[in-house]
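Shown next: query-v2.cif, containing mmCIF, C-alpha atoms.
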```
data_coords
#
loop_
_atom_site.label_atom_id
_atom_site.label_comp_id
_atom_site.auth_asym_id
_atom_site.auth_seq_id
_atom_site.Cartn_x
_atom_site.Cartn_y
_atom_site.Cartn_z
CA MET A 26 0.00 0.00 0.00
CA THR A 27 1.17 3.48 -0.82
CA THR A 28 -0.27 6.85 0.02
CA VAL A 29 -0.79 8.99 -3.05
CA ASN A 30 -1.75 12.66 -3.17
CA MET A 31 -3.00 14.32 -6.30
CA THR A 32 -5.29 17.08 -7.47
CA VAL A 33 -8.39 15.81 -9.23
CA ASN A 34 -10.67 18.36 -10.88
CA GLY A 35 -9.11 21.11 -8.78
CA LYS A 36 -9.56 19.33 -5.46
CA ALA A 37 -6.75 17.83 -3.39
CA VAL A 38 -7.38 14.11 -2.90
CA SER A 39 -5.41 11.33 -1.32
CA GLY A 40 -5.67 7.60 -0.91
CA ASN A 41 -3.79 4.72 0.65
CA ILE A 42 -4.01 2.19 -2.15
CA PRO A 43 -2.39 -1.02 -3.39
CA ASP A 44 0.54 -0.27 -5.70
CA ASN A 45 -1.13 -2.06 -8.62
CA THR A 46 -4.18 0.26 -8.58
CA LEU A 47 -4.82 1.73 -12.01
CA LEU A 48 -5.76 5.39 -12.24
CA SER A 49 -9.11 4.33 -13.75
CA GLU A 50 -9.79 2.19 -10.66
CA PHE A 51 -8.68 4.91 -8.27
CA LEU A 52 -10.99 7.45 -9.92
CA ARG A 53 -14.00 5.14 -10.06
CA GLU A 54 -13.67 3.01 -6.91
CA ASN A 55 -11.95 5.36 -4.47
CA LEU A 56 -13.17 8.76 -5.62
CA ARG A 57 -16.50 7.54 -7.05
CA LEU A 58 -15.88 9.54 -10.22
CA THR A 59 -17.60 7.05 -12.48
CA GLY A 60 -17.73 9.32 -15.52
CA THR A 61 -14.38 7.87 -16.57
CA HIS A 62 -15.39 4.61 -18.27
CA ILE A 63 -13.53 1.34 -18.59
CA GLY A 64 -14.28 -0.10 -22.00
CA CYS A 65 -11.60 -2.51 -23.13
CA ASP A 66 -9.11 -2.18 -20.26
CA THR A 67 -6.35 -2.86 -22.81
CA SER A 68 -5.58 0.73 -23.85
CA GLN A 69 -7.32 0.39 -27.21
CA CYS A 70 -10.72 2.03 -26.82
CA GLY A 71 -10.06 5.38 -25.12
CA ALA A 72 -13.24 5.45 -22.98
CA CYS A 73 -10.97 6.00 -19.95
CA VAL A 74 -9.06 9.03 -21.28
CA VAL A 75 -8.41 11.73 -18.68
CA HIS A 76 -5.94 14.61 -18.67
CA ILE A 77 -2.83 14.30 -16.52
CA ASN A 78 -0.94 17.56 -16.16
CA GLY A 79 -2.82 18.81 -19.21
CA MET A 80 -2.16 15.81 -21.47
CA PRO A 81 -4.67 13.11 -22.44
CA VAL A 82 -3.71 9.70 -21.09
CA LYS A 83 -5.45 6.33 -20.90
CA SER A 84 -6.21 6.00 -17.21
CA CYS A 85 -6.53 2.20 -17.51
CA SER A 86 -2.85 2.03 -18.44
CA THR A 87 -1.42 4.29 -15.77
CA LEU A 88 -0.66 3.39 -12.15
CA ALA A 89 -2.29 5.74 -9.65
CA VAL A 90 0.71 5.56 -7.31
CA SER A 91 2.95 6.93 -10.07
CA LEU A 92 0.94 10.16 -10.09
CA ASP A 93 1.82 11.63 -6.71
CA GLY A 94 1.55 15.40 -7.08
CA ALA A 95 -0.14 15.24 -10.49
CA GLU A 96 -3.09 17.32 -11.69
CA VAL A 97 -5.85 15.13 -13.09
CA LEU A 98 -8.88 16.37 -15.00
CA THR A 99 -11.81 14.05 -15.62
CA ILE A 100 -15.12 14.52 -17.44
CA GLU A 101 -16.68 15.57 -14.12
CA GLY A 102 -14.22 18.46 -13.88
CA LEU A 103 -15.35 20.16 -17.09
CA THR A 104 -18.32 21.85 -15.46
CA LYS A 105 -18.29 23.68 -12.19
CA GLY A 106 -21.22 24.29 -9.84
CA GLY A 107 -23.40 21.22 -9.81
CA LYS A 108 -26.01 19.89 -12.21
CA ASP A 109 -27.35 23.23 -13.37
CA ALA A 110 -23.87 24.41 -14.29
CA GLU A 111 -22.95 25.41 -17.79
CA LEU A 112 -21.57 22.58 -19.86
CA HIS A 113 -18.15 22.77 -21.52
CA PRO A 114 -18.43 23.87 -25.20
CA MET A 115 -17.29 20.37 -26.24
CA GLN A 116 -20.14 18.81 -24.24
CA VAL A 117 -22.63 21.28 -25.74
CA ALA A 118 -21.36 20.45 -29.23
CA PHE A 119 -21.78 16.69 -28.67
CA ASN A 120 -25.33 17.41 -27.53
CA ASP A 121 -26.14 19.77 -30.41
CA ASN A 122 -24.68 17.47 -33.07
CA HIS A 123 -25.97 14.17 -31.71
CA GLY A 124 -22.35 13.10 -31.22
CA LEU A 125 -23.32 10.07 -29.19
CA GLN A 126 -25.78 7.25 -29.11
CA CYS A 127 -25.21 4.92 -26.15
CA GLY A 128 -22.75 7.40 -24.65
CA PHE A 129 -20.26 4.90 -23.26
CA CYS A 130 -17.29 6.24 -25.24
CA THR A 131 -18.33 9.87 -24.84
CA PRO A 132 -16.26 10.86 -21.78
CA GLY A 133 -13.10 9.71 -23.57
CA MET A 134 -14.17 11.31 -26.85
CA ILE A 135 -14.75 14.64 -25.11
CA MET A 136 -11.46 14.60 -23.18
CA THR A 137 -9.61 13.68 -26.40
CA GLY A 138 -11.55 16.29 -28.39
CA ILE A 139 -10.73 19.09 -25.96
CA ASP A 140 -7.03 18.25 -26.12
CA MET A 141 -6.88 18.19 -29.90
CA VAL A 142 -8.69 21.52 -30.24
CA LYS A 143 -6.38 23.17 -27.69
CA ARG A 144 -3.25 21.66 -29.22
CA TYR A 145 -4.09 22.60 -32.80
CA LYS A 146 -4.98 26.14 -31.71
CA ALA A 147 -1.72 26.48 -29.78
CA GLU A 148 0.26 25.27 -32.80
CA GLY A 149 -1.76 27.42 -35.22
CA LYS A 150 -2.74 24.36 -37.24
CA ASP A 151 -6.06 23.83 -38.99
CA LEU A 152 -8.13 21.10 -37.34
CA THR A 153 -9.65 19.60 -40.48
CA SER A 154 -12.12 16.72 -40.37
CA ASP A 155 -9.32 14.45 -41.64
CA ALA A 156 -7.10 15.63 -38.79
CA ILE A 157 -9.89 14.96 -36.28
CA ARG A 158 -10.31 11.43 -37.62
CA ALA A 159 -6.57 10.81 -37.34
CA GLU A 160 -6.49 12.25 -33.82
CA LEU A 161 -9.35 9.93 -32.81
CA GLU A 162 -7.18 6.92 -33.63
CA GLY A 163 -7.23 5.83 -29.99
CA ASN A 164 -10.95 6.32 -29.30
CA ILE A 165 -13.40 3.70 -30.43
CA CYS A 166 -17.16 4.21 -30.83
CA ARG A 167 -19.39 1.26 -31.70
CA CYS A 168 -22.59 3.23 -32.36
CA THR A 169 -22.19 6.43 -34.29
CA GLY A 170 -19.94 5.63 -37.21
CA TYR A 171 -17.95 8.68 -36.05
CA HIS A 172 -19.57 11.19 -38.44
CA ASN A 173 -21.37 13.12 -35.72
CA ILE A 174 -18.42 12.88 -33.35
CA VAL A 175 -16.25 14.57 -35.98
CA LYS A 176 -18.98 17.18 -36.55
CA SER A 177 -19.21 17.79 -32.80
CA ILE A 178 -15.49 18.40 -32.44
CA GLU A 179 -15.46 20.67 -35.51
CA ASP A 180 -18.34 22.63 -33.99
CA ALA A 181 -16.69 22.88 -30.57
CA ALA A 182 -13.45 24.08 -32.17
CA THR A 183 -15.27 27.20 -33.36
CA LYS A 184 -16.50 27.92 -29.82
CA MET A 185 -13.57 27.04 -27.61
CA MET B 26 -2.99 -7.65 -12.17
CA TYR B 27 -1.05 -9.42 -9.42
CA SER B 28 0.23 -7.30 -6.58
CA THR B 29 3.53 -5.52 -7.04
CA LYS B 30 5.69 -3.04 -5.17
CA TYR B 31 6.17 0.37 -6.82
CA HIS B 32 9.43 2.32 -6.52
CA LYS B 33 10.21 5.78 -7.84
CA PRO B 34 13.97 6.26 -7.49
CA ALA B 35 15.51 9.68 -8.01
CA SER B 36 18.84 8.39 -9.30
CA ILE B 37 20.28 5.57 -11.41
CA ALA B 38 22.06 4.25 -8.30
CA ASP B 39 18.79 4.03 -6.37
CA ALA B 40 17.10 2.41 -9.38
CA THR B 41 19.84 -0.19 -9.65
CA ALA B 42 19.56 -0.90 -5.93
CA ALA B 43 15.80 -1.42 -6.19
CA LEU B 44 16.20 -3.65 -9.24
CA THR B 45 18.79 -5.77 -7.46
CA ALA B 46 16.88 -5.98 -4.19
CA GLY B 47 13.59 -7.09 -5.77
CA GLU B 48 13.03 -10.80 -6.26
CA ASP B 49 11.76 -10.29 -9.80
CA ALA B 50 11.96 -6.54 -10.31
CA THR B 51 11.48 -4.83 -13.64
CA ILE B 52 11.74 -1.33 -15.01
CA LEU B 53 8.63 0.79 -15.63
CA ALA B 54 9.41 3.40 -18.27
CA GLY B 55 5.92 4.25 -19.53
CA GLY B 56 4.04 1.04 -19.04
CA GLN B 57 1.99 1.16 -22.22
CA THR B 58 3.04 -2.41 -22.94
CA LEU B 59 4.13 -3.58 -19.49
CA LEU B 60 0.91 -2.73 -17.65
CA ALA B 61 -1.22 -4.40 -20.35
CA THR B 62 1.02 -7.46 -20.09
CA MET B 63 0.66 -7.50 -16.31
CA LYS B 64 -3.13 -7.26 -16.55
CA GLN B 65 -3.13 -10.37 -18.72
CA HIS B 66 -0.91 -12.11 -16.14
CA LEU B 67 1.77 -12.56 -18.81
CA ALA B 68 4.14 -10.71 -16.48
CA SER B 69 4.04 -10.51 -12.70
CA PRO B 70 7.05 -8.53 -11.51
CA SER B 71 7.52 -8.38 -7.74
CA ASP B 72 8.71 -4.80 -8.02
CA LEU B 73 8.25 -1.99 -10.54
CA VAL B 74 11.08 0.52 -10.71
CA ASP B 75 9.75 3.70 -12.32
CA ILE B 76 12.71 5.48 -13.92
CA ARG B 77 10.80 8.58 -15.08
CA ALA B 78 11.69 10.73 -12.06
CA ILE B 79 15.43 10.30 -12.56
CA ASP B 80 17.03 13.64 -13.31
CA GLY B 81 17.92 14.16 -16.97
CA LEU B 82 16.49 10.87 -18.19
CA SER B 83 13.85 12.62 -20.32
CA ASP B 84 16.25 15.14 -21.87
CA ILE B 85 16.71 15.50 -25.61
CA SER B 86 19.83 17.29 -26.84
CA ALA B 87 22.14 17.58 -29.83
CA ASP B 88 25.89 18.03 -29.94
CA GLY B 89 26.70 18.94 -33.52
CA ASN B 90 25.18 16.15 -35.59
CA VAL B 91 24.84 13.70 -32.69
CA LEU B 92 21.41 13.46 -31.15
CA THR B 93 20.96 12.13 -27.61
CA ILE B 94 17.47 11.15 -26.48
CA GLY B 95 16.90 10.22 -22.85
CA ALA B 96 15.33 6.82 -22.27
CA ALA B 97 12.28 8.30 -20.53
CA ALA B 98 11.48 10.74 -23.36
CA THR B 99 7.91 10.07 -24.47
CA HIS B 100 6.93 9.50 -28.08
CA THR B 101 5.14 12.86 -27.97
CA ALA B 102 8.33 14.54 -26.73
CA VAL B 103 10.37 13.01 -29.56
CA ALA B 104 7.71 13.81 -32.17
CA SER B 105 7.45 17.44 -31.09
CA SER B 106 11.12 18.13 -30.34
CA ALA B 107 12.63 20.86 -32.49
CA VAL B 108 16.04 19.28 -31.88
CA VAL B 109 14.96 15.87 -33.22
CA ARG B 110 13.16 17.57 -36.11
CA ASP B 111 16.41 19.38 -36.94
CA VAL B 112 18.87 16.47 -36.67
CA CYS B 113 16.73 13.52 -37.75
CA PRO B 114 13.23 14.46 -38.95
CA ALA B 115 12.52 10.85 -39.94
CA LEU B 116 12.72 9.88 -36.27
CA ALA B 117 10.27 12.61 -35.26
CA ASP B 118 7.90 11.41 -38.00
CA LEU B 119 8.21 7.82 -36.78
CA ALA B 120 7.45 8.86 -33.18
CA SER B 121 4.36 10.77 -34.33
CA GLY B 122 2.96 7.56 -35.82
CA ILE B 123 3.33 5.24 -32.82
CA GLY B 124 0.02 4.07 -31.34
CA ASP B 125 -2.42 6.89 -30.66
CA PRO B 126 -2.03 10.36 -29.08
CA ALA B 127 -2.81 9.26 -25.50
CA VAL B 128 -0.39 6.34 -25.71
CA ARG B 129 2.31 8.60 -27.18
CA ASN B 130 1.98 10.90 -24.18
CA VAL B 131 3.14 8.11 -21.86
CA GLY B 132 5.12 5.52 -23.84
CA THR B 133 8.88 6.08 -23.95
CA ILE B 134 11.70 5.43 -26.40
CA GLY B 135 13.71 3.50 -23.80
CA GLY B 136 10.77 1.27 -23.00
CA SER B 137 10.13 0.51 -26.64
CA VAL B 138 13.77 -0.26 -27.39
CA ALA B 139 14.17 -2.44 -24.28
CA ASN B 140 10.98 -4.37 -25.00
CA ASN B 141 12.04 -5.10 -28.61
CA ASP B 142 8.55 -6.02 -29.75
CA PRO B 143 8.90 -7.58 -33.24
CA ALA B 144 6.31 -5.08 -34.55
CA ALA B 145 7.50 -1.95 -32.72
CA ASP B 146 8.63 1.07 -34.73
CA TYR B 147 11.69 2.31 -32.85
CA PRO B 148 13.86 -0.83 -33.27
CA ALA B 149 13.77 -0.30 -37.06
CA ALA B 150 14.98 3.28 -36.64
CA MET B 151 17.73 2.28 -34.20
CA LEU B 152 19.05 -0.45 -36.51
CA ALA B 153 18.84 1.59 -39.71
CA LEU B 154 20.42 4.66 -38.12
CA GLY B 155 23.19 2.61 -36.52
CA ALA B 156 22.19 4.05 -33.15
CA THR B 157 24.07 3.52 -29.92
CA ILE B 158 22.07 2.30 -26.94
CA VAL B 159 23.55 3.88 -23.81
CA THR B 160 23.04 2.07 -20.52
CA ASN B 161 24.15 2.74 -16.95
CA THR B 162 27.18 0.50 -17.54
CA ARG B 163 28.13 0.63 -21.23
CA GLU B 164 27.29 1.59 -24.79
CA ILE B 165 25.86 -1.02 -27.16
CA THR B 166 25.53 -0.67 -30.93
CA ALA B 167 22.05 -1.37 -32.32
CA ASP B 168 23.57 -4.23 -34.35
CA ASP B 169 24.55 -5.98 -31.12
CA PHE B 170 21.56 -4.85 -29.08
CA PHE B 171 18.54 -6.46 -30.78
CA GLU B 172 18.96 -10.21 -30.33
CA GLY B 173 15.56 -11.63 -31.18
CA LEU B 174 11.90 -11.73 -30.26
CA PHE B 175 11.51 -9.50 -27.19
CA SER B 176 15.16 -10.16 -26.39
CA THR B 177 18.07 -7.75 -26.21
CA ALA B 178 21.67 -7.61 -25.04
CA LEU B 179 20.59 -5.98 -21.76
CA GLU B 180 21.83 -7.77 -18.64
CA ASP B 181 19.72 -8.14 -15.50
CA GLY B 182 19.57 -4.84 -13.69
CA GLU B 183 21.00 -2.89 -16.64
CA ILE B 184 19.11 0.32 -17.40
CA ILE B 185 18.95 2.09 -20.76
CA THR B 186 19.65 5.76 -20.06
CA ALA B 187 19.66 7.17 -23.61
CA VAL B 188 20.01 6.46 -27.29
CA LYS B 189 22.54 8.29 -29.48
CA ILE B 190 22.04 8.87 -33.18
CA THR B 191 24.31 10.49 -35.73
CA ALA B 192 22.39 12.58 -38.24
CA PRO B 193 21.93 10.69 -41.51
CA ALA B 194 22.19 12.43 -44.89
CA LYS B 195 18.79 11.00 -45.76
CA ALA B 196 16.30 8.85 -43.90
CA ALA B 197 12.61 7.97 -43.77
CA TYR B 198 10.26 5.43 -42.28
CA ALA B 199 7.23 3.92 -44.00
CA LYS B 200 4.80 1.81 -42.04
CA PHE B 201 1.85 -0.33 -43.01
CA PRO B 202 0.01 -0.42 -39.69
CA GLN B 203 -2.09 -3.33 -38.51
CA PRO B 204 -5.28 -1.30 -38.16
CA ALA B 205 -6.46 -2.66 -34.81
CA SER B 206 -3.21 -2.57 -32.86
CA LEU B 207 -1.51 0.22 -34.85
CA PHE B 208 1.72 -1.77 -34.60
CA ALA B 209 3.61 -2.32 -37.85
CA LEU B 210 2.36 -5.16 -40.01
CA VAL B 211 5.47 -4.13 -41.93
CA GLY B 212 7.60 -1.06 -41.32
CA VAL B 213 10.75 -0.17 -43.22
CA PHE B 214 13.29 2.45 -42.12
CA VAL B 215 15.83 3.48 -44.75
CA ALA B 216 18.85 5.62 -43.95
CA ASP B 217 21.89 6.89 -45.77
CA GLY B 218 24.16 7.60 -42.85
CA ALA B 219 27.70 7.38 -41.52
CA GLY B 220 27.59 3.58 -41.76
CA GLY B 221 26.44 3.65 -45.38
CA VAL B 222 22.96 2.78 -46.59
CA ARG B 223 20.92 0.72 -44.16
CA VAL B 224 17.46 -0.76 -44.53
CA ALA B 225 15.80 -2.13 -41.38
CA VAL B 226 12.52 -4.02 -41.35
CA THR B 227 10.13 -4.38 -38.41
CA GLY B 228 6.81 -6.18 -38.05
CA ALA B 229 7.79 -8.95 -40.41
CA GLY B 230 10.65 -11.01 -39.01
CA GLU B 231 10.16 -14.08 -36.82
CA ASP B 232 13.18 -12.93 -34.83
CA GLY B 233 12.20 -9.29 -34.74
CA VAL B 234 13.85 -6.39 -36.52
CA PHE B 235 16.39 -7.21 -39.24
CA ARG B 236 18.44 -5.59 -42.01
CA GLN B 237 17.56 -6.17 -45.65
CA GLY B 238 20.96 -6.69 -47.30
CA ALA B 239 19.86 -6.88 -50.94
CA MET B 240 18.02 -3.58 -50.68
CA GLU B 241 20.98 -1.96 -48.94
CA SER B 242 23.25 -2.96 -51.84
CA ALA B 243 20.80 -1.72 -54.45
CA LEU B 244 20.29 1.61 -52.69
CA GLY B 245 24.01 1.96 -52.00
CA ALA B 246 24.63 1.87 -55.74
CA ASN B 247 21.67 4.08 -56.63
CA TRP B 248 19.53 5.82 -54.00
CA SER B 249 16.14 5.76 -55.70
CA ALA B 250 12.88 3.88 -55.41
CA GLY B 251 13.47 2.59 -58.92
CA ALA B 252 16.68 0.90 -57.76
CA LEU B 253 14.50 -1.45 -55.73
CA ASP B 254 12.58 -2.68 -58.79
CA GLY B 255 13.09 -6.40 -58.99
CA VAL B 256 14.78 -6.60 -55.57
CA ALA B 257 12.33 -9.00 -53.97
CA ALA B 258 12.38 -9.58 -50.23
CA SER B 259 12.76 -13.22 -49.26
CA GLN B 260 9.91 -14.91 -47.39
CA ASP B 261 12.39 -16.91 -45.33
CA GLY B 262 12.11 -16.14 -41.64
CA LEU B 263 9.06 -13.93 -42.05
CA MET B 264 6.03 -14.19 -39.79
CA SER B 265 2.74 -15.67 -40.94
CA ASP B 266 -0.28 -14.95 -38.79
CA MET B 267 -3.96 -14.02 -39.05
CA HIS B 268 -2.97 -10.52 -40.19
CA GLY B 269 -0.77 -11.53 -43.08
CA ALA B 270 1.09 -14.47 -44.57
CA ALA B 271 4.86 -14.43 -45.14
CA ASP B 272 4.51 -13.83 -48.89
CA TYR B 273 2.24 -10.84 -48.23
CA ARG B 274 4.68 -9.41 -45.73
CA ALA B 275 7.55 -9.96 -48.19
CA HIS B 276 5.60 -8.01 -50.80
CA LEU B 277 4.89 -5.22 -48.28
CA ILE B 278 8.59 -4.94 -47.43
CA ALA B 279 9.33 -3.99 -51.04
CA VAL B 280 6.39 -1.57 -51.20
CA MET B 281 7.24 0.13 -47.89
CA ALA B 282 10.95 0.33 -48.76
CA LYS B 283 10.12 2.16 -52.00
CA ARG B 284 7.77 4.53 -50.18
CA ALA B 285 10.42 5.26 -47.58
CA VAL B 286 13.10 5.95 -50.18
CA SER B 287 10.75 8.28 -52.06
CA ALA B 288 9.95 10.15 -48.84
CA ALA B 289 13.58 10.48 -47.67
#
```
Show the structure stored in the file as structure tokens.
Amino acid sequence: MTTVNMTVNGKAVSGNIPDNTLLSEFLRENLRLTGTHIGCDTSQCGACVVHINGMPVKSCSTLAVSLDGAEVLTIEGLTKGGKDAELHPMQVAFNDNHGLQCGFCTPGMIMTGIDMVKRYKAEGKDLTSDAIRAELEGNICRCTGYHNIVKSIEDAATKM
Amino acid sequence: MYSTKYHKPASIADATAALTAGEDATILAGGQTLLATMKQHLASPSDLVDIRAIDGLSDISADGNVLTIGAAATHTAVASSAVVRDVCPALADLASGIGDPAVRNVGTIGGSVANNDPAADYPAAMLALGATIVTNTREITADDFFEGLFSTALEDGEIITAVKITAPAKAAYAKFPQPASLFALVGVFVADGAGGVRVAVTGAGEDGVFRQGAMESALGANWSAGALDGVAASQDGLMSDMHGAADYRAHLIAVMAKRAVSAA
């Protein structure tokens, strides 16, 4: 067991956890942040993507104990102020463009989408629909056929 | 995943001590392969020694035309490094095509090289560029380093600290990815460097990465995609699996080699 301290969605959290605890398990089981989904648990599907120190990472393939002192952002951290709070522009765009059907992959899609929009803006690159599809390489959706996910991210990019 | 003991040493000496003290200790450099392997119970190390907090181990620098990349540099760091882009753009391009963005943010060059997966991208670059693998005890040439399927010249407790690459005159990597895993079904790295023309193939060989001698000779005489016309890759020693038979992989080697030469 190891004690780990990190900041999750702006709040200091800590846990005394087995060393083999994955970040996805720590978020869901210890912190009850069940918005981060575990789809494949083999790092293929991307449903578990969260941001660690500003970078998207697959939380099912990261040990929680290795993240002492890290800043973690999950889907729950995108809005502030409870259930009536304003959604993040990426969440609004997924809603407006019907960017989900069953919704299981959506937390990962949104965390990945936010990163790609920010990164392309910072680098001054054009986030084309082809670029979005390439960037979504590590996020699998079994319902939508991706068209509306791509449209959602394109839409959000104009509002972020 | 079976239980394990996590260590985060701040120095190579502390890392070595933890590796030696553990009954079956192994190095954690990014864990994008290791943790998946542990989940499947294909590995069950007693101790994980995370080398990412060791000072300087993620640094990327160039001294003239010699590039040094720390073992804990992530694929994203290599892909986005202005230094790598300047000295060996082909390597930055290769790094930008490994796995997916989230995996690239965590996976490291040292981890990939040490694991020597027969379908990994970096081993092809190391072999074609005639890289030097620097460890805590010695320097090993890529020719001596990659010994076979998931096996390398590393001794127990030996830690890769960096890889060193001399800028090639020309180089490029072309990969035909297996679409589900994004590993190379066949990847070919071509380089015209200090050690002459080298062609290294990953994803195809039963013993992992290998050099393609006939293509090296043809390109040494005439560096052009056309020089590879009629230079067929042998099927001997190539993998056959559900993703592709040996003859298909042999065909892809020729196609990828030509694409790489054209891109270099």
*Which protein, DNA or RNA residues have an atom at most 12 Å from (9.2, -12.3, -27.6), counting only C-alpha atoms? List them as an MDAnalysis selection string.*
chainID B and resid 67 139:145 171:177 230:234
Take every atom of segment 105-122 of chain B listed in the file, fit an axis-aligned box around them, add 8 Å per side, and give the centre and edge lengths in Å to one decimal as JSON.
```
{"center_x": 10.9, "center_y": 14.2, "center_z": -35.1, "size_x": 31.9, "size_y": 29.3, "size_z": 25.6}
```
Quiz item: For chain B against chain A, which residues fall within 10 Å using only C-alpha atoms, given as a PyMOL selection string?
Solution: chain B and resi 26-33+55-65+72-73+75+77-78+124-131+204-207
*Given the file above and the PyMOL selection byres ((chain B and resi 86) around 12), which residues are selected, and can you give them as a VMD selection string?*
chain B and resid 81 to 85 87 to 95 98 102 to 103 106 to 113 187 to 190
Practice prompt. Give as a VMD selection string every residue, naming chains and numbers as the document does, that has an atom within 9 Å of (17.1, -9.9, -46.2), counting all atoms listed in the file.
Written response: chain B and resid 226 235 to 240 258 to 261
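When atom CA of Ala270 of chain B is paired with atom CA of Leu210 of chain B, their separation reads 10.4 Å.
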- Query: Excluding same-chain residues fewer than 2 positions from Ser177 of chain A, what lies within 9 Å of it counting all atoms listed in the file, as a ChimeraX atom specification?
  - Reply: /A:115-124,138,172-175,179-182
Spatial neighbours of Gln126 of chain A, 7 Å, all atoms listed in the file, chain gap at least 2 places, as a PDB file with C-alpha atoms, in the frame of the given file:
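The result, stored in result.pdb:
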```
ATOM      1  CA  GLY A 128     -22.750   7.400 -24.650  1.00  0.00           C
ATOM      2  CA  CYS A 168     -22.590   3.230 -32.360  1.00  0.00           C
ATOM      3  CA  THR A 169     -22.190   6.430 -34.290  1.00  0.00           C
TER       4      THR A 169
END
```
Assuming the chain letters and numbering stay as they are in my file, what does the PyMOL selection byres ((chain B and resi 213) around 6) actually select? List them as a JSON list (two decimals) with C-alpha atoms, in the frame of the given file.
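The result, stored in result-v4.json:
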```json
[["chain", "number", "residue", "atom", "x", "y", "z"],
["B", 198, "TYR", "CA", 10.26, 5.43, -42.28],
["B", 199, "ALA", "CA", 7.23, 3.92, -44.00],
["B", 212, "GLY", "CA", 7.60, -1.06, -41.32],
["B", 214, "PHE", "CA", 13.29, 2.45, -42.12],
["B", 225, "ALA", "CA", 15.80, -2.13, -41.38],
["B", 226, "VAL", "CA", 12.52, -4.02, -41.35],
["B", 281, "MET", "CA", 7.24, 0.13, -47.89],
["B", 282, "ALA", "CA", 10.95, 0.33, -48.76]]
```
What lies within 12 Å of Ala288 of chain B using all atoms listed in the file, ignoring chain neighbours under 2 positions off, as a ChimeraX atom specification? /B:114-115,118,195-200,213-216,248-250,281-286
Between atom CA of Gly182 of chain B and atom CA of Ala150 of chain B, what is the distance, to one decimal in Å?
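So the two atoms, atom CA of Gly182 of chain B and atom CA of Ala150 of chain B, lie 24.8 Å apart.
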